[in-house]
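What follows is coords-v2.csv (CSV, C-alpha atoms).
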chain,number,residue,atom,x,y,z
A,182,VAL,CA,12.4,15.1,-11.0
A,183,GLN,CA,10.5,13.4,-13.8
A,184,LEU,CA,7.4,11.3,-14.2
A,185,VAL,CA,6.9,10.1,-17.7
A,186,GLU,CA,3.7,8.3,-18.6
A,187,SER,CA,3.3,6.0,-21.6
A,188,GLY,CA,1.0,3.4,-23.0
A,189,GLY,CA,-2.0,5.5,-24.0
A,190,GLY,CA,-3.7,5.2,-27.3
A,191,LEU,CA,-6.9,4.5,-29.2
A,192,VAL,CA,-8.9,1.3,-28.2
A,193,GLN,CA,-12.3,0.0,-28.9
A,194,PRO,CA,-14.9,-0.5,-26.1
A,195,GLY,CA,-14.2,-3.7,-24.2
A,196,GLY,CA,-10.5,-3.5,-25.0
A,197,SER,CA,-7.5,-3.2,-22.7
A,198,LEU,CA,-4.5,-0.9,-22.3
A,199,ARG,CA,-1.6,-0.8,-19.8
A,200,LEU,CA,-0.3,2.5,-18.8
A,201,SER,CA,3.2,3.0,-17.3
A,202,CYS,CA,4.8,5.8,-15.4
A,203,ALA,CA,8.6,5.9,-15.1
A,204,ALA,CA,10.0,7.9,-12.2
A,205,SER,CA,13.3,9.6,-11.7
A,206,GLY,CA,15.0,12.2,-9.6
A,207,PHE,CA,13.3,11.4,-6.3
A,208,THR,CA,13.2,8.6,-3.8
A,209,PHE,CA,10.4,6.6,-5.4
A,210,HIS,CA,9.7,4.2,-2.6
A,211,TYR,CA,9.0,7.0,-0.2
A,212,TYR,CA,6.1,8.3,-2.2
A,213,VAL,CA,2.5,7.2,-2.4
A,214,MET,CA,1.6,6.9,-6.1
A,215,LYS,CA,-1.7,7.7,-7.8
A,216,TRP,CA,-3.3,7.7,-11.2
A,217,TYR,CA,-5.6,10.6,-12.1
A,218,ARG,CA,-7.5,11.3,-15.3
A,219,GLN,CA,-9.1,14.4,-16.8
A,220,ALA,CA,-11.7,14.3,-19.5
A,221,PRO,CA,-12.5,17.3,-21.8
A,222,GLY,CA,-14.5,19.8,-19.9
A,223,LYS,CA,-14.3,17.9,-16.6
A,224,GLU,CA,-12.2,18.2,-13.5
A,225,ARG,CA,-9.3,16.0,-12.8
A,226,GLU,CA,-10.4,12.9,-10.8
A,227,LEU,CA,-8.6,10.3,-8.8
A,228,VAL,CA,-8.6,6.9,-10.5
A,229,ALA,CA,-6.4,4.7,-8.3
A,230,GLY,CA,-3.8,4.9,-5.6
A,231,VAL,CA,-1.2,2.6,-4.1
A,232,THR,CA,0.8,2.8,-0.8
A,233,ILE,CA,4.6,3.0,-0.7
A,234,ASP,CA,5.1,-0.7,-0.4
A,235,GLY,CA,2.3,-1.7,-2.8
A,236,GLY,CA,0.4,-3.4,0.0
A,237,ARG,CA,-2.8,-1.3,-0.2
A,238,LYS,CA,-4.6,-0.2,-3.3
A,239,SER,CA,-7.7,1.9,-3.7
A,240,TYR,CA,-9.9,2.6,-6.7
A,241,ALA,CA,-12.6,5.0,-7.8
A,242,ASP,CA,-16.0,3.2,-7.9
A,243,SER,CA,-16.2,3.8,-11.7
A,244,VAL,CA,-13.1,1.6,-12.3
A,245,LYS,CA,-13.3,-1.0,-9.6
A,246,GLY,CA,-13.0,-4.5,-11.0
A,247,ARG,CA,-11.7,-3.3,-14.3
A,248,PHE,CA,-8.5,-1.4,-13.5
A,249,THR,CA,-5.5,-2.6,-11.5
A,250,ILE,CA,-2.7,-0.3,-10.1
A,251,SER,CA,0.7,-1.7,-9.3
A,252,ARG,CA,4.2,-0.4,-8.6
A,253,ASP,CA,7.7,-1.8,-8.9
A,254,ASN,CA,10.0,0.0,-6.4
A,255,ARG,CA,13.1,-1.5,-7.8
A,256,LYS,CA,12.3,-0.4,-11.4
A,257,ARG,CA,10.8,2.9,-10.1
A,258,THR,CA,7.7,2.4,-12.2
A,259,LEU,CA,3.9,2.7,-11.6
A,260,SER,CA,1.4,0.8,-13.8
A,261,LEU,CA,-2.3,0.9,-14.5
A,262,GLN,CA,-3.8,-2.2,-16.2
A,263,MET,CA,-7.1,-1.1,-17.7
A,264,ASN,CA,-9.5,-3.8,-18.9
A,265,ASP,CA,-13.1,-3.7,-20.3
A,266,LEU,CA,-12.6,-0.1,-21.3
A,267,LYS,CA,-15.6,2.1,-21.8
A,268,VAL,CA,-16.2,5.2,-23.8
A,269,GLU,CA,-16.4,7.2,-20.5
A,270,ASP,CA,-12.8,6.2,-19.7
A,271,THR,CA,-11.6,8.5,-22.4
A,272,ALA,CA,-9.3,11.1,-20.8
A,273,VAL,CA,-5.8,12.2,-20.3
A,274,TYR,CA,-4.3,10.0,-17.6
A,275,PHE,CA,-1.7,11.4,-15.2
A,276,CYS,CA,0.5,9.8,-12.6
A,277,LYS,CA,1.2,11.6,-9.4
A,278,ALA,CA,3.8,11.1,-6.6
A,279,GLU,CA,2.8,12.3,-3.1
A,280,GLY,CA,5.5,12.5,-0.4
A,281,MET,CA,4.6,10.8,2.9
A,282,GLY,CA,3.7,13.5,5.6
A,283,THR,CA,4.8,16.3,3.3
A,284,ASP,CA,3.1,18.7,0.8
A,285,THR,CA,5.6,17.5,-1.9
A,286,ALA,CA,3.9,16.2,-5.0
A,287,TYR,CA,5.0,15.6,-8.6
A,288,TRP,CA,2.9,15.2,-11.7
A,289,GLY,CA,3.6,13.6,-15.0
A,290,GLN,CA,2.7,15.2,-18.3
A,291,GLY,CA,-0.1,12.8,-19.1
A,292,THR,CA,-1.0,10.2,-21.7
A,293,GLN,CA,-4.1,10.3,-23.8
A,294,VAL,CA,-6.5,7.3,-23.7
A,295,THR,CA,-9.3,7.3,-26.2
A,296,VAL,CA,-12.0,4.6,-26.1
A,297,SER,CA,-14.1,4.7,-29.3
A,298,SER,CA,-15.6,2.3,-31.9

Mind converting the file's structure to structure tokens?
Amino acid sequence: VQLVESGGGLVQPGGSLRLSCAASGFTFHYYVMKWYRQAPGKERELVAGVTIDGGRKSYADSVKGRFTISRDNRKRTLSLQMNDLKVEDTAVYFCKAEGMGTDTAYWGQGTQVTVSS
């Protein structure tokens, strides 16, 4: 099982980044997919989630209207489009796969997003 995030980097406030998470080794379309983030000295927090068919999406209040989560079940990828980035969005971003009706969950290794002028 692998979840590999990419797309992080350094961006100025107000800029945009698109994160991707490539999945392998499990039946991707049976899993709810989520993005989490963890800033230095803080607990990991849920940023956004998407249902198995992509039909329902949810967001943390802090990113609503700026971030968009999406998934492509044929390509087995999860994405997070991040616009109007703020300094407080700086964190390591992780993707997570959660099995429906099970305790099974997989995490990626994370990708660093730094928002700074």

Restricting the calculation to all atoms listed in the file: of A:Ala229, A:Thr208, A:Tyr217, A:Val192, which residue gets closest to A:Gly289? A:Tyr217

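Nearest residue to A:Glu226 among A:Asp265, A:Glu186, A:Asp270, A:Asp253 is A:Asp270, counting all atoms listed in the file.
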
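Counting all atoms listed in the file, the residue from A:Tyr240, A:Ser298, A:Ala286, A:Thr271 that sits nearest to A:Gly222 is A:Thr271.
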
Neighbour list for A:Ala203 as a count of residues only, cut-off 9 Å, all atoms listed in the file, skip fewer than 5 positions in-chain: 10

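Counting all atoms listed in the file, A:Asn264 has the following residues at most 9 Å away, ignoring those fewer than 3 positions along the same chain: Gly195, Gly196, Ser197, Leu198, Arg199, Gly246, Arg247, Phe248, Thr249 and Lys267 of chain A.
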
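One finds atom CA of A:Ser243 at 28.7 Å from atom CA of A:Thr283.
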
Which polymer residues have any atom within 10 Å of an atom of A:Glu269, counting all atoms listed in the file, with same-chain residues fewer than 6 positions away left out, as a ChimeraX atom specification? /A:194,220,243,295-297

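By all atoms listed in the file, and with residues fewer than 4 positions from A:Lys223 along its chain excluded, the set lying at most 10 Å from it is A:Arg218, A:Gln219, A:Ala272.
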
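Distances from A:Gln193, A:Gly188, A:Asp234, A:Gly206 to A:Met281 were compared using all atoms listed in the file, and the smallest one belongs to A:Asp234.
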
Near A:Gly230, counting all atoms listed in the file, which residues have an atom at most 7 Å away, once you skip same-chain residues fewer than 5 positions from it, shown as a PyMOL selection string? chain A and resi 214-216+238-240+250

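If you look at atom CA of A:Leu266 and atom CA of A:Gly190, they are 12.0 Å away from each other.
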
To one decimal in Å, tell me the separation between atom CA of A:Glu224 and atom CA of A:Gly236. 28.4 Å

Using all atoms listed in the file for the distances, tell me which of A:Gln290, A:Leu200, A:Gly282, A:Val228 is nearest to A:Leu261. A:Leu200
